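With mmCIF, C-alpha atoms and all ligand atoms inside, this is query30.cif:
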data_model
#
loop_
_atom_site.label_atom_id
_atom_site.label_comp_id
_atom_site.auth_asym_id
_atom_site.auth_seq_id
_atom_site.Cartn_x
_atom_site.Cartn_y
_atom_site.Cartn_z
CA MET H 256 4.07 7.28 24.04
CA SER H 257 7.16 8.38 22.17
CA ILE H 258 7.83 7.49 18.57
CA LYS H 259 10.64 4.95 18.17
CA GLN H 260 12.70 3.83 15.17
CA TYR H 261 13.55 0.23 14.19
CA LYS H 262 15.68 -1.52 11.60
CA LEU H 263 15.37 -4.83 9.75
CA SER H 264 18.49 -6.15 8.05
CA ASN H 265 19.71 -9.25 6.23
CA ASN H 266 23.05 -10.80 5.23
CA ASN H 267 23.00 -9.19 1.77
CA GLY H 268 23.15 -5.65 3.08
CA VAL H 269 19.44 -4.85 2.70
CA THR H 270 18.05 -2.67 5.48
CA ILE H 271 14.51 -1.45 6.10
CA ASP H 272 13.83 1.28 8.64
CA PHE H 273 10.42 1.89 10.14
CA ILE H 274 8.92 3.85 13.01
CA SER H 275 6.18 3.08 15.52
CA LEU H 276 4.03 5.97 14.22
CA GLY H 277 1.77 4.40 11.62
CA ALA H 278 4.20 1.47 11.31
CA ARG H 279 5.68 3.72 8.63
CA ILE H 280 8.53 2.37 6.52
CA THR H 281 10.99 5.24 6.27
CA SER H 282 13.72 3.72 4.11
CA VAL H 283 14.52 0.62 2.05
CA LYS H 284 18.22 0.44 1.31
CA ILE H 285 19.63 -2.06 -1.17
CA PRO H 286 23.31 -2.57 -2.01
CA HIS H 287 24.84 -0.49 -4.78
CA LYS H 288 28.55 -0.74 -5.62
CA ASP H 289 30.33 -0.51 -2.26
CA SER H 290 27.49 1.43 -0.68
CA HIS H 291 23.71 1.35 -0.93
CA VAL H 292 20.80 3.14 -2.54
CA ASP H 293 17.55 4.11 -0.82
CA ILE H 294 14.57 3.17 -2.99
CA ALA H 295 11.74 4.30 -0.66
CA LEU H 296 10.42 7.87 -0.64
CA GLY H 297 10.50 9.53 2.75
CA TYR H 298 12.16 12.16 4.87
CA ASP H 299 15.55 12.66 6.49
CA THR H 300 14.37 13.28 10.03
CA LEU H 301 11.73 11.96 12.36
CA GLU H 302 10.30 15.46 12.68
CA GLU H 303 9.88 15.79 8.91
CA THR H 304 8.32 12.31 8.78
CA ILE H 305 5.78 13.27 11.43
CA ASN H 306 4.90 16.48 9.60
CA GLY H 307 5.14 15.05 6.08
CA ASP H 308 2.87 12.90 3.93
CA GLY H 309 0.93 10.91 6.48
CA TYR H 310 0.39 7.84 4.33
CA MET H 311 3.94 7.44 3.06
CA GLY H 312 5.19 3.99 4.05
CA ALA H 313 2.31 3.55 6.50
CA ILE H 314 -0.16 0.83 7.31
CA CYS H 315 -3.55 2.21 6.22
CA GLY H 316 -6.89 1.16 7.72
CA ARG H 317 -9.42 0.31 9.12
CA LEU H 318 -10.55 0.70 5.51
CA ALA H 319 -7.70 1.53 3.14
CA ASN H 320 -8.46 3.64 0.05
CA ARG H 321 -11.86 5.26 -0.51
CA VAL H 322 -15.35 4.80 0.89
CA ASP H 323 -18.06 6.55 -1.11
CA ASN H 324 -19.49 9.47 0.89
CA GLY H 325 -17.88 7.93 4.00
CA LYS H 326 -20.89 5.66 4.51
CA PHE H 327 -21.69 1.99 4.49
CA ILE H 328 -24.36 -0.33 5.82
CA LEU H 329 -23.45 -3.34 7.94
CA GLU H 330 -26.05 -5.75 9.33
CA GLY H 331 -28.78 -3.18 8.57
CA LYS H 332 -27.11 -0.31 10.40
CA GLU H 333 -25.61 2.71 8.65
CA TYR H 334 -22.12 3.76 9.72
CA ILE H 335 -20.90 7.31 9.10
CA LEU H 336 -17.16 7.85 8.74
CA ASP H 337 -15.33 11.13 8.35
CA GLN H 338 -15.00 12.59 4.86
CA ASN H 339 -11.32 13.49 4.71
CA GLU H 340 -10.96 13.78 0.93
CA ARG H 341 -13.77 15.84 -0.65
CA THR H 342 -16.83 13.73 0.20
CA ASN H 343 -14.78 10.53 0.35
CA HIS H 344 -13.45 8.76 3.38
CA ILE H 345 -9.85 7.73 2.60
CA HIS H 346 -7.35 5.46 4.38
CA GLY H 347 -9.36 5.23 7.61
CA GLY H 348 -9.90 8.99 7.99
CA ALA H 349 -8.53 11.20 10.75
CA HIS H 350 -8.24 8.15 13.00
CA GLY H 351 -6.38 6.11 10.39
CA TYR H 352 -3.77 3.62 11.57
CA ASN H 353 -1.11 5.64 9.73
CA ASN H 354 -1.35 8.15 12.59
CA LYS H 355 -1.46 5.72 15.49
CA ILE H 356 1.48 4.65 17.57
CA TRP H 357 1.98 0.91 17.25
CA GLU H 358 3.52 -1.17 19.98
CA VAL H 359 6.64 -2.81 18.59
CA LYS H 360 8.71 -5.67 19.92
CA GLU H 361 11.53 -7.66 18.43
CA SER H 362 10.44 -11.08 17.31
CA LYS H 363 11.71 -14.28 15.71
CA LEU H 364 10.37 -15.90 12.58
CA GLU H 365 11.81 -19.07 11.10
CA GLY H 366 13.58 -18.43 7.82
CA TYR H 367 13.85 -14.70 8.45
CA GLU H 368 16.98 -12.82 9.47
CA SER H 369 15.15 -10.18 11.46
CA ALA H 370 11.58 -9.65 12.54
CA TYR H 371 9.38 -7.39 14.63
CA GLU H 372 5.84 -7.77 15.88
CA LEU H 373 3.69 -4.65 15.78
CA SER H 374 0.35 -4.41 17.49
CA TYR H 375 -2.47 -1.94 17.83
CA LEU H 376 -5.89 -2.07 19.43
CA SER H 377 -8.42 -0.05 17.48
CA VAL H 378 -11.22 0.46 19.96
CA ASP H 379 -14.94 0.12 19.29
CA GLY H 380 -16.20 3.33 17.68
CA GLU H 381 -12.76 4.70 16.76
CA GLY H 382 -13.06 6.55 13.46
CA GLY H 383 -16.74 5.53 13.36
CA TYR H 384 -16.02 1.81 12.95
CA PRO H 385 -17.71 -0.87 15.06
CA GLY H 386 -15.88 -3.41 17.22
CA ASN H 387 -12.62 -3.58 19.14
CA LEU H 388 -10.20 -4.67 16.44
CA HIS H 389 -6.97 -6.14 17.73
CA LEU H 390 -4.26 -6.07 15.08
CA THR H 391 -0.87 -7.73 15.00
CA ILE H 392 1.54 -7.34 12.13
CA ILE H 393 4.87 -9.05 11.55
CA TYR H 394 7.50 -7.11 9.63
CA ALA H 395 10.29 -9.55 8.65
CA LEU H 396 13.19 -9.67 6.21
CA ASN H 397 14.95 -12.79 4.91
CA ASN H 398 18.11 -13.52 2.95
CA ASP H 399 16.09 -13.86 -0.28
CA ASN H 400 15.52 -10.11 0.10
CA GLU H 401 11.85 -10.66 0.83
CA PHE H 402 10.15 -8.20 3.13
CA LEU H 403 7.11 -9.91 4.67
CA ILE H 404 4.13 -8.03 6.07
CA ASP H 405 1.90 -10.56 7.83
CA ILE H 406 -1.31 -9.02 9.15
CA LYS H 407 -3.80 -10.57 11.56
CA GLY H 408 -6.89 -9.03 13.12
CA VAL H 409 -9.64 -10.17 15.47
CA THR H 410 -12.78 -8.32 16.50
CA ASP H 411 -15.41 -8.62 19.22
CA LYS H 412 -18.25 -7.25 17.01
CA THR H 413 -18.94 -7.63 13.31
CA THR H 414 -16.83 -5.03 11.53
CA VAL H 415 -15.16 -4.22 8.21
CA VAL H 416 -11.41 -4.38 7.55
CA ASN H 417 -9.10 -3.65 4.64
CA LEU H 418 -5.49 -3.00 5.52
CA THR H 419 -2.66 -2.13 3.18
CA SER H 420 0.95 -1.04 3.26
CA HIS H 421 1.57 2.25 1.47
CA PRO H 422 5.26 2.68 0.57
CA TYR H 423 6.30 4.71 -2.46
CA PHE H 424 9.31 3.44 -4.40
CA ASN H 425 11.69 4.99 -6.87
CA LEU H 426 14.22 2.44 -8.12
CA ASN H 427 16.50 5.22 -9.39
CA GLY H 428 17.21 6.03 -5.73
CA LEU H 429 17.25 9.43 -4.05
CA GLY H 430 17.00 12.33 -6.47
CA GLY H 431 16.06 9.81 -9.14
CA GLY H 432 13.44 12.07 -10.73
CA LYS H 433 10.24 10.66 -12.16
CA ILE H 434 9.44 6.96 -12.35
CA PHE H 435 8.80 7.09 -16.13
CA ASN H 436 11.76 4.80 -16.87
CA HIS H 437 10.31 2.05 -14.66
CA GLY H 438 8.73 -1.04 -16.18
CA LEU H 439 5.48 -2.36 -14.75
CA GLU H 440 4.01 -5.83 -15.02
CA ILE H 441 0.66 -6.61 -13.35
CA ASN H 442 -0.74 -10.12 -13.11
CA ALA H 443 -4.30 -9.00 -13.75
CA ASN H 444 -6.75 -9.51 -16.62
CA SER H 445 -9.16 -6.94 -15.21
CA PHE H 446 -9.43 -3.82 -13.10
CA THR H 447 -12.09 -1.79 -11.27
CA PRO H 448 -12.84 1.47 -13.17
CA ILE H 449 -13.43 4.60 -11.09
CA ASN H 450 -15.60 7.70 -11.40
CA GLU H 451 -14.38 11.30 -11.15
CA MET H 452 -14.37 10.97 -7.34
CA GLY H 453 -11.93 8.05 -7.52
CA ILE H 454 -14.67 5.68 -6.37
CA PRO H 455 -15.10 2.34 -8.17
CA THR H 456 -18.22 2.26 -10.32
CA GLY H 457 -18.70 -1.43 -9.49
CA GLU H 458 -17.74 -2.60 -12.95
CA ILE H 459 -14.99 -5.18 -13.31
CA ARG H 460 -13.51 -4.42 -16.73
CA SER H 461 -11.16 -6.46 -18.86
CA VAL H 462 -7.80 -4.82 -19.51
CA ALA H 463 -7.73 -6.36 -23.01
CA ASN H 464 -6.97 -3.83 -25.74
CA THR H 465 -6.62 -0.99 -23.26
CA ASP H 466 -3.67 0.88 -21.79
CA MET H 467 -4.51 -0.76 -18.44
CA ASP H 468 -3.05 -4.01 -19.78
CA PHE H 469 0.26 -4.65 -18.01
CA ILE H 470 0.29 -8.42 -18.47
CA GLN H 471 3.54 -7.90 -20.37
CA GLU H 472 6.04 -5.59 -18.71
CA THR H 473 5.52 -2.07 -20.10
CA LYS H 474 7.47 1.12 -19.56
CA LEU H 475 5.47 3.65 -17.54
CA SER H 476 6.41 6.50 -19.93
CA ARG H 477 4.29 4.74 -22.56
CA ARG H 478 1.18 4.70 -20.36
CA ILE H 479 1.09 7.51 -17.78
CA LYS H 480 0.02 10.14 -20.33
CA SER H 481 -2.36 7.77 -22.09
CA GLU H 482 -5.58 9.16 -23.54
CA TYR H 483 -7.44 6.09 -22.30
CA GLU H 484 -10.34 7.63 -20.36
CA GLN H 485 -9.52 5.92 -17.03
CA ILE H 486 -5.86 7.01 -17.06
CA HIS H 487 -6.64 10.48 -18.42
CA LEU H 488 -9.20 11.00 -15.65
CA VAL H 489 -6.53 10.98 -12.93
CA GLY H 490 -3.43 11.91 -14.97
CA GLY H 491 -1.71 8.59 -14.40
CA LEU H 492 -2.36 5.33 -12.62
CA ASP H 493 -4.49 5.31 -9.47
CA HIS H 494 -6.47 2.12 -9.86
CA ASN H 495 -7.10 -1.28 -8.42
CA TRP H 496 -6.30 -4.32 -10.52
CA VAL H 497 -7.93 -7.68 -9.85
CA ILE H 498 -5.04 -10.07 -9.26
CA ASN H 499 -5.40 -13.27 -11.30
CA GLU H 500 -6.20 -16.29 -9.18
CA SER H 501 -3.58 -18.96 -8.69
CA ASN H 502 -3.12 -22.15 -6.69
CA GLU H 503 -0.30 -20.56 -4.75
CA ALA H 504 -1.15 -19.25 -1.28
CA LEU H 505 0.68 -16.07 -2.21
CA LYS H 506 -0.24 -14.86 -5.68
CA PHE H 507 2.19 -12.93 -7.84
CA ALA H 508 0.63 -9.45 -8.07
CA CYS H 509 3.08 -7.24 -9.92
CA LYS H 510 6.67 -6.35 -10.68
CA VAL H 511 8.24 -2.93 -10.97
CA SER H 512 11.68 -2.80 -12.53
CA GLU H 513 14.29 -0.39 -13.76
CA PRO H 514 16.28 -1.97 -16.60
CA GLU H 515 19.45 0.12 -16.47
CA SER H 516 20.24 -0.56 -12.79
CA GLY H 517 18.68 -4.03 -12.88
CA ARG H 518 16.69 -3.22 -9.75
CA SER H 519 13.22 -4.60 -9.22
CA ILE H 520 10.42 -5.16 -6.73
CA GLU H 521 8.10 -8.13 -7.03
CA VAL H 522 4.93 -8.22 -4.97
CA PHE H 523 3.23 -11.42 -3.80
CA THR H 524 0.07 -11.39 -1.72
CA THR H 525 -3.00 -13.15 -0.41
CA GLN H 526 -5.06 -10.00 -1.07
CA PRO H 527 -7.47 -9.88 -4.03
CA GLY H 528 -6.41 -6.49 -5.42
CA ILE H 529 -3.40 -4.35 -6.12
CA GLN H 530 -3.70 -0.57 -6.13
CA ILE H 531 -1.02 1.14 -8.20
CA TYR H 532 -0.63 4.86 -7.68
CA THR H 533 1.91 6.95 -9.57
CA GLY H 534 2.07 9.90 -7.17
CA MET H 535 0.11 12.60 -9.01
CA HIS H 536 -0.60 14.67 -5.90
CA PHE H 537 3.05 15.50 -5.15
CA ASP H 538 3.42 19.13 -6.12
CA GLY H 539 6.90 20.00 -4.90
CA THR H 540 5.78 21.77 -1.73
CA ASN H 541 6.67 18.74 0.35
CA VAL H 542 10.43 18.27 0.66
CA GLY H 543 11.73 14.71 0.95
CA LYS H 544 15.09 13.12 1.71
CA SER H 545 18.26 15.07 0.86
CA ASN H 546 16.16 18.23 0.57
CA ILE H 547 14.71 17.13 -2.75
CA PRO H 548 11.13 18.34 -3.30
CA LEU H 549 8.61 15.59 -3.90
CA THR H 550 7.19 16.35 -7.34
CA GLN H 551 4.63 14.59 -9.53
CA TYR H 552 5.51 10.97 -10.38
CA ALA H 553 8.37 10.97 -7.83
CA GLY H 554 7.43 7.46 -6.77
CA ILE H 555 5.10 4.56 -7.33
CA ALA H 556 2.94 3.25 -4.49
CA ILE H 557 2.20 -0.48 -4.67
CA GLU H 558 -0.63 -1.33 -2.30
CA ALA H 559 -1.93 -4.88 -2.04
CA GLN H 560 -5.44 -4.73 -0.57
CA ASN H 561 -9.10 -5.57 -1.00
CA PHE H 562 -10.91 -3.61 -3.73
CA PRO H 563 -11.57 0.01 -2.71
CA ASP H 564 -15.10 0.73 -1.48
CA ALA H 565 -15.81 -3.02 -1.24
CA VAL H 566 -18.19 -2.18 1.63
CA ASN H 567 -20.54 -0.60 -0.93
CA HIS H 568 -20.28 -3.19 -3.72
CA GLU H 569 -21.79 -6.62 -3.31
CA ASN H 570 -19.89 -7.99 -6.30
CA PHE H 571 -16.50 -7.15 -4.69
CA PRO H 572 -14.79 -9.47 -2.18
CA SER H 573 -16.31 -8.95 1.26
CA ALA H 574 -14.54 -6.72 3.79
CA VAL H 575 -16.67 -8.01 6.66
CA LEU H 576 -14.96 -9.58 9.67
CA LYS H 577 -17.00 -11.45 12.28
CA PRO H 578 -16.05 -12.12 15.92
CA ASN H 579 -15.28 -15.80 15.35
CA GLU H 580 -12.99 -15.11 12.38
CA THR H 581 -9.40 -13.90 11.94
CA TYR H 582 -8.48 -11.35 9.31
CA LYS H 583 -5.30 -12.75 7.76
CA GLU H 584 -3.41 -11.17 4.87
CA LYS H 585 0.17 -11.31 3.71
CA ILE H 586 2.15 -9.00 1.47
CA ILE H 587 5.71 -9.68 0.31
CA TYR H 588 7.91 -7.11 -1.39
CA LYS H 589 10.88 -8.94 -2.92
CA PHE H 590 13.79 -6.72 -3.86
CA GLY H 591 16.04 -7.54 -6.81
CA PHE H 592 19.36 -5.81 -7.47
C1 LIG V 601 -4.69 6.47 -3.44
C2 LIG V 601 -4.43 7.84 -4.03
C3 LIG V 601 -4.13 8.80 -2.91
C4 LIG V 601 -2.97 8.30 -2.12
C5 LIG V 601 -2.71 9.18 -0.94
C6 LIG V 601 -3.49 6.06 -2.68
O1 LIG V 601 -3.74 4.83 -2.09
O2 LIG V 601 -5.00 5.52 -4.40
O3 LIG V 601 -5.54 8.27 -4.76
O4 LIG V 601 -3.87 10.08 -3.41
O5 LIG V 601 -3.20 7.00 -1.67
O6 LIG V 601 -1.48 8.96 -0.42
#
Will you turn the file into structure tokens for me?
Ligand code: BGC
Amino acid sequence: MSIKQYKLSNNNGVTIDFISLGARITSVKIPHKDSHVDIALGYDTLEETINGDGYMGAICGRLANRVDNGKFILEGKEYILDQNERTNHIHGGAHGYNNKIWEVKESKLEGYESAYELSYLSVDGEGGYPGNLHLTIIYALNNDNEFLIDIKGVTDKTTVVNLTSHPYFNLNGLGGGKIFNHGLEINANSFTPINEMGIPTGEIRSVANTDMDFIQETKLSRRIKSEYEQIHLVGGLDHNWVINESNEALKFACKVSEPESGRSIEVFTTQPGIQIYTGMHFDGTNVGKSNIPLTQYAGIAIEAQNFPDAVNHENFPSAVLKPNETYKEKIIYKFGF
């Protein structure tokens, strides 16, 4: 199957490009003066996208983020997944959905200017996971500049699921350097600390009196180099925050903003956690759009999802999906400019 490209657009001049490989978002363009600015990291050509960072803009699963030692027990049976990051399993491993070709068809969704339906059947045993998991995702854009990702999944055997969307943003636009001038607000009173392998310890820790407190909008330059042990451990932010509960179906998770341009992204979701990752692994060897090398802190990934390694922590929200249930999660990125 060949890889195809698609475009969502609205009446305000916002456009979002994505491709069928990994459902990867390849650009998010918002109006700027009489032109536009691209606020999503990515590549200029399809070829570079295919050969570039495999998670950039992609849908990650069957289990997004890390699984300790690539193992978990479900209904008394141990499942062994591939260890594709040291001894960790990350973003679904070699058979992750970021590398699968999704079937895409144009769709209609009330209240949305443009919409597509993406689907993928992840067969029983693929990547070591049990059950045929049939996934459908709606990508839709409305005139309130809200990009909706509406995910549904059904299985024929008990399985585990945690899907996320993995775009990296830089509100300065292409060639915008590091994201240090961005403000970050996270609607979370606690987070899940990690060990040196990036795996949650199981603790749910209050952010109070720590540099993990983003209840009030805080400039990233004031926090990324923090000596706070959790931030120092990974050289920036690469953690899951526990989104505060609310009565709204879609909870406000976080807001990233850049004061000078007035640009912002607000994230609303049904998911329990929000992983914020400030791009520490970019080392300049990978060249992005306009031939600009992707260097450390070139973008911020905002990934609404279940808590990482939930399959190995009973006190985390369950990632188990049974045959009579539907996995249903929504993520909205709302662009301000
Ligand atoms: C993780 C990072 C990882 C990145 C890979 C993020 O979701 O939290 O630790 O390096 O994905 O793209």
Within 7 Å of ligand LIG 601 (chain V) (counting only C-alpha atoms and all ligand atoms), which residues show up? I'd like them as an mmCIF file with C-alpha atoms, keeping the file's coordinate frame.
data_model
loop_
_atom_site.group_PDB
_atom_site.id
_atom_site.type_symbol
_atom_site.label_atom_id
_atom_site.label_comp_id
_atom_site.auth_asym_id
_atom_site.auth_seq_id
_atom_site.Cartn_x
_atom_site.Cartn_y
_atom_site.Cartn_z
ATOM 1 C CA TYR H 310 0.390 7.840 4.330
ATOM 2 C CA MET H 311 3.940 7.440 3.060
ATOM 3 C CA ASN H 320 -8.460 3.640 0.050
ATOM 4 C CA HIS H 421 1.570 2.250 1.470
ATOM 5 C CA GLY H 453 -11.930 8.050 -7.520
ATOM 6 C CA ASP H 493 -4.490 5.310 -9.470
ATOM 7 C CA HIS H 494 -6.470 2.120 -9.860
ATOM 8 C CA GLN H 530 -3.700 -0.570 -6.130
ATOM 9 C CA TYR H 532 -0.630 4.860 -7.680
ATOM 10 C CA HIS H 536 -0.600 14.670 -5.900
ATOM 11 C CA GLU H 558 -0.630 -1.330 -2.300
#
If I put a ball of radius 9 Å at (-11.5, 6.6, -9.5) in the file's coordinates, which residues poke into it when counting only C-alpha atoms, written as JSON, numbers by chain? {"H": [447, 448, 449, 450, 451, 452, 453, 454, 455, 456, 485, 488, 489, 493, 494]}
Could you save those same residues with C-alpha atoms as a PDB file, keeping the file's coordinate frame?
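Ended up saving to result-v5.pdb:
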ATOM      1  CA  THR H 447     -12.090  -1.790 -11.270  1.00  0.00           C
ATOM      2  CA  PRO H 448     -12.840   1.470 -13.170  1.00  0.00           C
ATOM      3  CA  ILE H 449     -13.430   4.600 -11.090  1.00  0.00           C
ATOM      4  CA  ASN H 450     -15.600   7.700 -11.400  1.00  0.00           C
ATOM      5  CA  GLU H 451     -14.380  11.300 -11.150  1.00  0.00           C
ATOM      6  CA  MET H 452     -14.370  10.970  -7.340  1.00  0.00           C
ATOM      7  CA  GLY H 453     -11.930   8.050  -7.520  1.00  0.00           C
ATOM      8  CA  ILE H 454     -14.670   5.680  -6.370  1.00  0.00           C
ATOM      9  CA  PRO H 455     -15.100   2.340  -8.170  1.00  0.00           C
ATOM     10  CA  THR H 456     -18.220   2.260 -10.320  1.00  0.00           C
ATOM     11  CA  GLN H 485      -9.520   5.920 -17.030  1.00  0.00           C
ATOM     12  CA  LEU H 488      -9.200  11.000 -15.650  1.00  0.00           C
ATOM     13  CA  VAL H 489      -6.530  10.980 -12.930  1.00  0.00           C
ATOM     14  CA  ASP H 493      -4.490   5.310  -9.470  1.00  0.00           C
ATOM     15  CA  HIS H 494      -6.470   2.120  -9.860  1.00  0.00           C
TER      16      HIS H 494
END
Residues within 6 Å of (6.5, 14.3, -6.2), file coords, all atoms listed in the file, listed as a list in words: Phe537, Asp538, Gly539, Leu549, Thr550, Gln551, Tyr552 and Ala553 of chain H
Close residues, stretch 505-520 of chain H itself excluded, 10 Å, all atoms listed in the file, min 3 positions apart in chain, as a PDB file with C-alpha atoms, keeping the file's coordinate frame:
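Here's the written file selection05.pdb:
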ATOM      1  CA  ILE H 285      19.630  -2.060  -1.170  1.00  0.00           C
ATOM      2  CA  HIS H 287      24.840  -0.490  -4.780  1.00  0.00           C
ATOM      3  CA  ILE H 294      14.570   3.170  -2.990  1.00  0.00           C
ATOM      4  CA  ASN H 400      15.520 -10.110   0.100  1.00  0.00           C
ATOM      5  CA  GLU H 401      11.850 -10.660   0.830  1.00  0.00           C
ATOM      6  CA  PHE H 424       9.310   3.440  -4.400  1.00  0.00           C
ATOM      7  CA  ASN H 425      11.690   4.990  -6.870  1.00  0.00           C
ATOM      8  CA  LEU H 426      14.220   2.440  -8.120  1.00  0.00           C
ATOM      9  CA  ASN H 427      16.500   5.220  -9.390  1.00  0.00           C
ATOM     10  CA  ILE H 434       9.440   6.960 -12.350  1.00  0.00           C
ATOM     11  CA  PHE H 435       8.800   7.090 -16.130  1.00  0.00           C
ATOM     12  CA  ASN H 436      11.760   4.800 -16.870  1.00  0.00           C
ATOM     13  CA  HIS H 437      10.310   2.050 -14.660  1.00  0.00           C
ATOM     14  CA  GLY H 438       8.730  -1.040 -16.180  1.00  0.00           C
ATOM     15  CA  LEU H 439       5.480  -2.360 -14.750  1.00  0.00           C
ATOM     16  CA  GLU H 440       4.010  -5.830 -15.020  1.00  0.00           C
ATOM     17  CA  ILE H 441       0.660  -6.610 -13.350  1.00  0.00           C
ATOM     18  CA  ASN H 442      -0.740 -10.120 -13.110  1.00  0.00           C
ATOM     19  CA  ALA H 443      -4.300  -9.000 -13.750  1.00  0.00           C
ATOM     20  CA  PHE H 469       0.260  -4.650 -18.010  1.00  0.00           C
ATOM     21  CA  ILE H 470       0.290  -8.420 -18.470  1.00  0.00           C
ATOM     22  CA  GLU H 472       6.040  -5.590 -18.710  1.00  0.00           C
ATOM     23  CA  THR H 473       5.520  -2.070 -20.100  1.00  0.00           C
ATOM     24  CA  LYS H 474       7.470   1.120 -19.560  1.00  0.00           C
ATOM     25  CA  LEU H 475       5.470   3.650 -17.540  1.00  0.00           C
ATOM     26  CA  TRP H 496      -6.300  -4.320 -10.520  1.00  0.00           C
ATOM     27  CA  VAL H 497      -7.930  -7.680  -9.850  1.00  0.00           C
ATOM     28  CA  ILE H 498      -5.040 -10.070  -9.260  1.00  0.00           C
ATOM     29  CA  ASN H 499      -5.400 -13.270 -11.300  1.00  0.00           C
ATOM     30  CA  GLU H 500      -6.200 -16.290  -9.180  1.00  0.00           C
ATOM     31  CA  SER H 501      -3.580 -18.960  -8.690  1.00  0.00           C
ATOM     32  CA  ASN H 502      -3.120 -22.150  -6.690  1.00  0.00           C
ATOM     33  CA  PHE H 523       3.230 -11.420  -3.800  1.00  0.00           C
ATOM     34  CA  THR H 524       0.070 -11.390  -1.720  1.00  0.00           C
ATOM     35  CA  THR H 525      -3.000 -13.150  -0.410  1.00  0.00           C
ATOM     36  CA  GLN H 526      -5.060 -10.000  -1.070  1.00  0.00           C
ATOM     37  CA  PRO H 527      -7.470  -9.880  -4.030  1.00  0.00           C
ATOM     38  CA  GLY H 528      -6.410  -6.490  -5.420  1.00  0.00           C
ATOM     39  CA  ILE H 529      -3.400  -4.350  -6.120  1.00  0.00           C
ATOM     40  CA  ILE H 531      -1.020   1.140  -8.200  1.00  0.00           C
ATOM     41  CA  ILE H 555       5.100   4.560  -7.330  1.00  0.00           C
ATOM     42  CA  ILE H 557       2.200  -0.480  -4.670  1.00  0.00           C
ATOM     43  CA  ALA H 559      -1.930  -4.880  -2.040  1.00  0.00           C
ATOM     44  CA  GLU H 584      -3.410 -11.170   4.870  1.00  0.00           C
ATOM     45  CA  LYS H 585       0.170 -11.310   3.710  1.00  0.00           C
ATOM     46  CA  ILE H 586       2.150  -9.000   1.470  1.00  0.00           C
ATOM     47  CA  ILE H 587       5.710  -9.680   0.310  1.00  0.00           C
ATOM     48  CA  TYR H 588       7.910  -7.110  -1.390  1.00  0.00           C
ATOM     49  CA  LYS H 589      10.880  -8.940  -2.920  1.00  0.00           C
ATOM     50  CA  PHE H 590      13.790  -6.720  -3.860  1.00  0.00           C
ATOM     51  CA  GLY H 591      16.040  -7.540  -6.810  1.00  0.00           C
ATOM     52  CA  PHE H 592      19.360  -5.810  -7.470  1.00  0.00           C
TER      53      PHE H 592
END
Hey, can you check how far atom CA of H:Tyr582 sits from atom CA of H:Thr391?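 Spanning atom CA of H:Tyr582 to atom CA of H:Thr391 is a straight-line distance of 10.2 Å.
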